[in-house]
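Pasting input.txt here (compact mmCIF, C-alpha atoms and all ligand atoms):
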```txt
# COMPACT_ATOMS: atom_id res chain seq x y z
CA MET Z 1 11.30 -11.66 16.96
CA PRO Z 2 11.43 -8.80 14.44
CA VAL Z 3 14.77 -7.06 13.95
CA THR Z 4 15.60 -3.38 13.60
CA ASP Z 5 17.64 -2.55 10.51
CA ALA Z 6 20.35 0.09 10.23
CA ASP Z 7 17.73 2.69 9.21
CA GLY Z 8 15.76 2.11 12.43
CA ILE Z 9 12.96 0.24 10.66
CA THR Z 10 11.43 -2.81 12.33
CA GLN Z 11 11.55 -5.78 9.96
CA PRO Z 12 9.50 -8.97 10.42
CA ARG Z 13 10.64 -12.47 9.70
CA PRO Z 14 8.58 -14.14 6.93
CA GLY Z 15 4.99 -14.66 8.08
CA GLU Z 16 5.69 -13.15 11.50
CA TRP Z 17 3.08 -10.38 11.31
CA ASP Z 18 -0.42 -11.71 10.66
CA GLY Z 19 -3.11 -9.14 9.92
CA ARG Z 20 -5.79 -11.69 10.70
CA VAL Z 21 -4.58 -11.49 14.30
CA LEU Z 22 -3.19 -7.95 14.53
CA SER Z 23 -5.88 -5.92 12.75
CA ALA Z 24 -8.47 -4.20 14.92
CA GLY Z 25 -10.52 -3.36 11.83
CA HIS Z 26 -9.91 0.36 12.21
CA THR Z 27 -9.45 2.97 9.50
CA ALA Z 28 -7.57 6.23 9.86
CA ASP Z 29 -9.32 8.09 7.04
CA TYR Z 30 -11.29 7.83 3.84
CA LYS Z 31 -10.86 10.41 1.09
CA PRO Z 32 -13.06 10.16 -2.00
CA PHE Z 33 -12.13 11.86 -5.27
CA THR Z 34 -8.46 12.64 -4.58
CA PHE Z 35 -5.72 13.29 -7.16
CA VAL Z 36 -2.60 12.46 -5.15
CA ASP Z 37 -2.70 8.72 -4.37
CA GLY Z 38 -2.02 7.24 -7.79
CA GLU Z 39 -3.07 7.95 -11.33
CA GLY Z 40 -6.34 9.75 -12.01
CA VAL Z 41 -9.20 10.58 -9.66
CA ARG Z 42 -9.21 7.99 -6.89
CA CYS Z 43 -10.94 6.99 -3.67
CA SER Z 44 -8.34 6.50 -0.92
CA LEU Z 45 -8.82 4.36 2.16
CA TYR Z 46 -6.23 4.67 4.94
CA VAL Z 47 -6.22 1.71 7.32
CA SER Z 48 -4.79 1.73 10.85
CA GLY Z 49 -1.88 -0.27 12.19
CA CYS Z 50 1.73 -0.56 11.03
CA PRO Z 51 4.59 -2.13 12.99
CA PHE Z 52 7.38 -1.18 10.55
CA SER Z 53 7.77 2.00 12.64
CA CYS Z 54 9.82 3.82 10.00
CA PRO Z 55 11.57 6.89 11.46
CA GLY Z 56 9.97 9.92 9.77
CA CYS Z 57 6.75 8.04 8.93
CA TYR Z 58 4.32 10.44 7.23
CA ASN Z 59 1.39 9.10 9.27
CA ALA Z 60 2.85 8.00 12.61
CA ALA Z 61 -0.48 8.19 14.46
CA ALA Z 62 -1.85 5.47 12.19
CA GLN Z 63 0.86 3.04 13.31
CA SER Z 64 -1.52 2.07 16.14
CA PHE Z 65 -3.98 -0.65 15.19
CA ARG Z 66 -6.57 1.14 17.38
CA TYR Z 67 -6.19 4.54 15.71
CA GLY Z 68 -9.22 6.04 13.98
CA THR Z 69 -12.63 4.47 13.73
CA PRO Z 70 -13.98 0.98 13.03
CA TYR Z 71 -14.54 0.06 9.40
CA THR Z 72 -18.25 -0.41 8.76
CA ASP Z 73 -20.58 -1.87 6.14
CA GLU Z 74 -21.85 1.67 5.58
CA LEU Z 75 -18.36 2.90 4.70
CA GLU Z 76 -17.89 -0.04 2.35
CA ASP Z 77 -21.20 0.77 0.60
CA ARG Z 78 -20.12 4.40 0.32
CA ILE Z 79 -16.78 3.41 -1.24
CA LEU Z 80 -18.55 1.21 -3.82
CA GLY Z 81 -20.92 4.07 -4.61
CA ASP Z 82 -18.08 6.58 -4.98
CA LEU Z 83 -16.14 4.21 -7.24
CA ALA Z 84 -19.18 3.93 -9.52
CA GLN Z 85 -18.74 7.55 -10.61
CA PRO Z 86 -17.54 7.43 -14.22
CA TYR Z 87 -14.66 9.87 -13.63
CA VAL Z 88 -13.15 7.75 -10.82
CA ALA Z 89 -10.17 5.68 -11.99
CA GLY Z 90 -10.02 3.42 -8.98
CA LEU Z 91 -9.34 2.62 -5.35
CA SER Z 92 -6.14 3.35 -3.40
CA LEU Z 93 -5.29 1.44 -0.23
CA LEU Z 94 -2.84 3.10 2.15
CA GLY Z 95 -2.00 3.05 5.82
CA GLY Z 96 -0.88 2.14 8.21
CA GLU Z 97 -0.07 -1.17 6.59
CA PRO Z 98 -2.81 -2.43 4.23
CA MET Z 99 -1.27 -5.89 4.09
CA LEU Z 100 -2.06 -6.23 7.80
CA ALA Z 101 -5.67 -5.13 7.30
CA THR Z 102 -6.77 -8.11 5.21
CA PRO Z 103 -9.86 -8.86 7.37
CA ILE Z 104 -11.43 -5.64 6.06
CA LEU Z 105 -9.63 -5.19 2.74
CA LEU Z 106 -10.15 -8.64 1.25
CA PRO Z 107 -13.97 -8.41 1.40
CA LEU Z 108 -13.71 -4.87 -0.01
CA VAL Z 109 -11.50 -5.71 -2.98
CA ARG Z 110 -13.51 -8.85 -3.77
CA ARG Z 111 -16.61 -6.65 -3.91
CA VAL Z 112 -14.85 -4.06 -6.06
CA ARG Z 113 -13.74 -6.71 -8.55
CA ALA Z 114 -17.20 -8.31 -8.59
CA ALA Z 115 -18.85 -4.94 -9.24
CA PHE Z 116 -16.37 -3.40 -11.68
CA GLY Z 117 -14.13 -6.16 -12.99
CA ASP Z 118 -10.92 -4.56 -14.26
CA GLU Z 119 -12.64 -1.28 -15.10
CA LYS Z 120 -11.34 0.32 -11.87
CA SER Z 121 -7.69 -0.04 -10.88
CA ILE Z 122 -6.58 -0.86 -7.34
CA TRP Z 123 -3.33 0.63 -6.02
CA ILE Z 124 -1.80 -0.47 -2.72
CA TRP Z 125 1.08 0.92 -0.62
CA SER Z 126 3.03 -1.45 1.63
CA GLY Z 127 6.10 -1.44 3.84
CA TYR Z 128 6.73 -4.98 2.61
CA THR Z 129 8.67 -5.36 -0.62
CA TYR Z 130 7.13 -7.27 -3.53
CA GLU Z 131 9.58 -10.12 -2.97
CA GLN Z 132 8.72 -10.29 0.74
CA LEU Z 133 5.00 -10.42 -0.05
CA LEU Z 134 5.44 -13.43 -2.34
CA GLY Z 135 6.65 -15.36 0.72
CA GLU Z 136 3.83 -14.24 3.01
CA PRO Z 137 0.64 -16.18 3.96
CA PRO Z 138 -2.34 -16.50 1.58
CA ASP Z 139 -4.35 -13.53 2.87
CA LYS Z 140 -1.62 -11.08 1.85
CA ARG Z 141 -1.02 -12.85 -1.45
CA GLU Z 142 -4.73 -12.79 -2.31
CA LEU Z 143 -4.87 -9.06 -1.58
CA LEU Z 144 -1.84 -8.57 -3.82
CA GLU Z 145 -3.53 -10.63 -6.55
CA HIS Z 146 -6.49 -8.24 -6.63
CA CYS Z 147 -4.26 -5.17 -7.03
CA ASP Z 148 -2.86 -3.54 -10.17
CA VAL Z 149 -0.09 -1.41 -8.72
CA LEU Z 150 2.05 -1.85 -5.59
CA VAL Z 151 4.18 0.93 -4.13
CA ASP Z 152 6.54 -1.18 -2.06
CA GLY Z 153 9.02 -0.97 0.76
CA PRO Z 154 9.36 1.08 3.93
CA PHE Z 155 10.06 4.80 4.08
CA ILE Z 156 13.81 5.36 4.49
CA GLN Z 157 14.54 8.84 5.70
CA ARG Z 158 18.06 9.10 4.22
CA LEU Z 159 16.54 8.27 0.79
CA TYR Z 160 13.75 10.86 1.06
CA HIS Z 161 13.23 13.05 -1.96
CA HIS Z 162 10.49 15.68 -2.14
CA ASP Z 163 9.83 15.16 -5.83
CA LEU Z 164 9.22 11.45 -6.18
CA ALA Z 165 5.93 10.42 -7.75
CA PHE Z 166 3.54 8.68 -5.33
CA ARG Z 167 6.22 7.74 -2.77
CA GLY Z 168 8.57 9.32 -0.26
CA SER Z 169 11.95 7.61 -0.61
CA SER Z 170 13.87 6.29 -3.60
CA ASN Z 171 14.06 2.68 -2.38
CA GLN Z 172 10.29 2.45 -2.89
CA ARG Z 173 9.21 1.12 -6.28
CA ILE Z 174 6.00 1.58 -8.25
CA ILE Z 175 5.34 -1.95 -9.46
CA ASP Z 176 3.03 -3.04 -12.27
CA LEU Z 177 1.55 -6.19 -10.74
CA PRO Z 178 -0.04 -7.84 -13.82
CA ALA Z 179 3.25 -7.32 -15.72
CA SER Z 180 5.19 -8.70 -12.74
CA ARG Z 181 3.01 -11.82 -12.64
CA ARG Z 182 3.65 -12.39 -16.34
CA ALA Z 183 7.39 -11.75 -16.03
CA GLY Z 184 7.87 -13.70 -12.80
CA THR Z 185 9.78 -10.76 -11.36
CA ALA Z 186 9.03 -7.20 -10.24
CA ALA Z 187 8.25 -5.01 -13.28
CA LEU Z 188 8.16 -1.27 -12.81
CA TRP Z 189 5.01 0.66 -13.68
CA GLN Z 190 5.62 2.54 -16.91
CA SER Z 191 2.83 5.04 -17.46
CA GLY Z 192 1.66 8.30 -15.97
CA ARG Z 193 3.46 10.86 -13.87
CA ARG Z 194 7.21 10.55 -13.58
CA ASP Z 195 9.75 11.61 -11.02
CA THR Z 196 11.02 14.99 -12.11
CA GLU Z 197 14.64 14.07 -11.32
CA ASP Z 198 15.81 11.21 -13.48
CA SER Z 199 18.99 10.99 -11.46
CA VAL Z 200 17.37 9.79 -8.22
CA PRO Z 201 19.24 6.54 -7.63
CA PHE Z 202 17.71 3.30 -6.51
CA LEU Z 203 19.42 2.24 -3.31
CA ALA Z 204 18.67 -0.99 -1.51
CA PRO Z 205 17.49 -0.85 2.11
CA ALA Z 206 20.18 -1.45 4.70
CA PRO Z 207 20.50 -5.07 5.87
CA PRO Z 208 18.94 -6.06 9.20
CA ARG Z 209 21.00 -5.48 12.32
CA SER Z 210 21.06 -8.51 14.58
S1 LIG I 1 5.54 1.45 6.32
FE1 LIG I 1 4.54 3.41 5.89
S2 LIG I 1 2.89 3.61 7.43
FE2 LIG I 1 4.29 1.99 8.12
S3 LIG I 1 5.70 3.04 9.54
FE3 LIG I 1 6.65 2.99 7.48
S4 LIG I 1 6.07 4.96 6.53
FE4 LIG I 1 4.70 4.62 8.30
```
Could I get this structure in the form of structure tokens?
Amino acid sequence: MPVTDADGITQPRPGEWDGRVLSAGHTADYKPFTFVDGEGVRCSLYVSGCPFSCPGCYNAAAQSFRYGTPYTDELEDRILGDLAQPYVAGLSLLGGEPMLATPILLPLVRRVRAAFGDEKSIWIWSGYTYEQLLGEPPDKRELLEHCDVLVDGPFIQRLYHHDLAFRGSSNQRIIDLPASRRAGTAALWQSGRRDTEDSVPFLAPAPPRS
């Protein structure tokens, strides 16, 4: 059984939530050519379904796995076409919980890598921490392998700050995944837009409440 931590967030035990079972293959939104979800001009896909249930979630409607519309081959073709534009830096995967949408996202990211190699970056946002994901089943780890940047951890309302780059609360980290693989530990992403308050502290999430 998942547990609720002191911040009201539902936390799974390792491997407890399986996107191959939970995902209904729905997407909440697709936004091509945005400037807000990572560095540069990006194409953002928002998938449906997230059981972390963070209080204050920015997209609570998309916590339902049935929210939105079914992902289709036509949408996937459109995303590949949009990414081909020379001014597009890459793909951003948000939710909902992308790590529980592997049935649709793994085929997509495999196609993106086959078409563009490392020319386009892939950013992913997850309520799981990097360390949690390393202990999850192979579908999540393969999705992580295809990505360049992970914004990790749940949204914690008491750690909200309006001026954080690309995330809502200061527990969330922007992680450089290739550098982390080389280092064997989470390495923070070092380029691009910065938080405007250097003093925002990193605070660990509260421990689970039994
Ligand atoms: S992890 Fe993100 S999408 Fe999921 S409930 Fe928390 S804030 Fe919402």
Between Z:Ala186, Z:Ala101, Z:Val21, Z:Leu45, which residue has the minimum interatomic distance to Leu134 (chain Z), considering all atoms listed in the file?
Z:Ala186
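Nearest residue to ligand LIG 1 (chain I) among Z:Val112, Z:Ala6, Z:Leu106, Z:Ala28 is Z:Ala28, counting only C-alpha atoms and all ligand atoms.
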Could you tell me, counting all atoms listed in the file, which protein and nucleic acid residues lie no more than 9 Å from ligand LIG 1 (chain I), written as a PyMOL selection string?
chain Z and resi 9-10+48-63+94-98+125-128+152-156+168
Rounded to one decimal, what separation in Å do you get between CA of Lys120 (chain Z) and CA of Ile175 (chain Z)?
17.0 Å
Can you measure CA of Glu76 (chain Z) to CA of Phe35 (chain Z) for me? One decimal in Å is fine.
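Result for CA of Glu76 (chain Z) versus CA of Phe35 (chain Z): 20.4 Å, one decimal.
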Could you pull region 87-174 of chain Z out of the block above and give me C-alpha atoms, as an mmCIF file, in the first residue's frame?
```cif
data_model
loop_
_atom_site.group_PDB
_atom_site.id
_atom_site.type_symbol
_atom_site.label_atom_id
_atom_site.label_comp_id
_atom_site.auth_asym_id
_atom_site.auth_seq_id
_atom_site.Cartn_x
_atom_site.Cartn_y
_atom_site.Cartn_z
ATOM 1 C CA TYR Z 87 14.545 26.203 -34.283
ATOM 2 C CA VAL Z 88 13.081 23.528 -31.961
ATOM 3 C CA ALA Z 89 15.512 22.468 -29.221
ATOM 4 C CA GLY Z 90 13.637 19.376 -28.162
ATOM 5 C CA LEU Z 91 10.777 17.519 -26.542
ATOM 6 C CA SER Z 92 9.400 18.047 -23.020
ATOM 7 C CA LEU Z 93 7.394 15.337 -21.262
ATOM 8 C CA LEU Z 94 5.137 16.466 -18.430
ATOM 9 C CA GLY Z 95 1.996 15.314 -16.702
ATOM 10 C CA GLY Z 96 0.389 13.839 -14.951
ATOM 11 C CA GLU Z 97 3.237 11.437 -14.331
ATOM 12 C CA PRO Z 98 5.266 10.637 -17.476
ATOM 13 C CA MET Z 99 6.979 7.712 -15.775
ATOM 14 C CA LEU Z 100 3.573 6.026 -15.580
ATOM 15 C CA ALA Z 101 2.880 6.640 -19.275
ATOM 16 C CA THR Z 102 5.630 4.401 -20.635
ATOM 17 C CA PRO Z 103 3.306 2.501 -23.030
ATOM 18 C CA ILE Z 104 2.992 5.674 -25.110
ATOM 19 C CA LEU Z 105 6.214 7.503 -24.234
ATOM 20 C CA LEU Z 106 8.719 4.713 -24.851
ATOM 21 C CA PRO Z 107 7.705 4.281 -28.516
ATOM 22 C CA LEU Z 108 7.745 8.081 -28.883
ATOM 23 C CA VAL Z 109 11.209 8.648 -27.425
ATOM 24 C CA ARG Z 110 12.659 5.684 -29.330
ATOM 25 C CA ARG Z 111 11.343 7.288 -32.521
ATOM 26 C CA VAL Z 112 12.711 10.695 -31.556
ATOM 27 C CA ARG Z 113 16.171 9.243 -30.908
ATOM 28 C CA ALA Z 114 16.068 7.226 -34.144
ATOM 29 C CA ALA Z 115 15.096 10.315 -36.147
ATOM 30 C CA PHE Z 116 17.255 12.960 -34.470
ATOM 31 C CA GLY Z 117 19.919 11.191 -32.437
ATOM 32 C CA ASP Z 118 21.156 13.605 -29.767
ATOM 33 C CA GLU Z 119 20.359 16.664 -31.875
ATOM 34 C CA LYS Z 120 17.116 17.267 -29.928
ATOM 35 C CA SER Z 121 17.104 17.179 -26.134
ATOM 36 C CA ILE Z 122 14.420 15.400 -24.116
ATOM 37 C CA TRP Z 123 13.351 16.841 -20.764
ATOM 38 C CA ILE Z 124 11.069 14.951 -18.381
ATOM 39 C CA TRP Z 125 9.253 15.994 -15.180
ATOM 40 C CA SER Z 126 8.479 13.339 -12.559
ATOM 41 C CA GLY Z 127 7.112 13.088 -9.039
ATOM 42 C CA TYR Z 128 9.647 10.312 -8.485
ATOM 43 C CA THR Z 129 13.120 11.354 -7.388
ATOM 44 C CA TYR Z 130 16.132 10.323 -9.464
ATOM 45 C CA GLU Z 131 17.172 7.873 -6.750
ATOM 46 C CA GLN Z 132 13.693 6.326 -6.642
ATOM 47 C CA LEU Z 133 13.683 5.883 -10.419
ATOM 48 C CA LEU Z 134 16.950 3.938 -10.349
ATOM 49 C CA GLY Z 135 15.130 1.305 -8.270
ATOM 50 C CA GLU Z 136 12.060 1.123 -10.508
ATOM 51 C CA PRO Z 137 11.241 -1.501 -13.202
ATOM 52 C CA PRO Z 138 12.902 -1.466 -16.657
ATOM 53 C CA ASP Z 139 10.230 0.544 -18.488
ATOM 54 C CA LYS Z 140 10.829 3.590 -16.286
ATOM 55 C CA ARG Z 141 14.600 3.155 -16.403
ATOM 56 C CA GLU Z 142 14.591 2.920 -20.202
ATOM 57 C CA LEU Z 143 12.538 6.111 -20.431
ATOM 58 C CA LEU Z 144 15.019 7.797 -18.095
ATOM 59 C CA GLU Z 145 17.902 6.537 -20.262
ATOM 60 C CA HIS Z 146 16.483 8.316 -23.309
ATOM 61 C CA CYS Z 147 16.193 11.652 -21.490
ATOM 62 C CA ASP Z 148 18.740 14.446 -21.039
ATOM 63 C CA VAL Z 149 17.216 16.376 -18.155
ATOM 64 C CA LEU Z 150 14.983 15.245 -15.273
ATOM 65 C CA VAL Z 151 13.082 17.671 -13.058
ATOM 66 C CA ASP Z 152 12.462 15.382 -10.114
ATOM 67 C CA GLY Z 153 10.340 15.023 -7.024
ATOM 68 C CA PRO Z 154 6.787 15.909 -6.056
ATOM 69 C CA PHE Z 155 5.430 19.422 -5.616
ATOM 70 C CA ILE Z 156 5.633 20.396 -1.934
ATOM 71 C CA GLN Z 157 3.413 23.336 -1.178
ATOM 72 C CA ARG Z 158 5.400 24.623 1.830
ATOM 73 C CA LEU Z 159 8.498 24.776 -0.436
ATOM 74 C CA TYR Z 160 6.731 26.644 -3.248
ATOM 75 C CA HIS Z 161 8.572 29.613 -4.667
ATOM 76 C CA HIS Z 162 7.207 31.683 -7.550
ATOM 77 C CA ASP Z 163 10.609 32.344 -9.073
ATOM 78 C CA LEU Z 164 12.149 28.916 -9.472
ATOM 79 C CA ALA Z 165 13.262 27.977 -12.971
ATOM 80 C CA PHE Z 166 11.208 25.171 -14.549
ATOM 81 C CA ARG Z 167 9.785 23.859 -11.252
ATOM 82 C CA GLY Z 168 7.417 24.843 -8.469
ATOM 83 C CA SER Z 169 9.063 23.906 -5.166
ATOM 84 C CA SER Z 170 12.654 23.997 -3.968
ATOM 85 C CA ASN Z 171 12.895 20.263 -3.211
ATOM 86 C CA GLN Z 172 12.668 19.628 -6.965
ATOM 87 C CA ARG Z 173 16.005 19.363 -8.749
ATOM 88 C CA ILE Z 174 16.960 19.946 -12.379
#
```
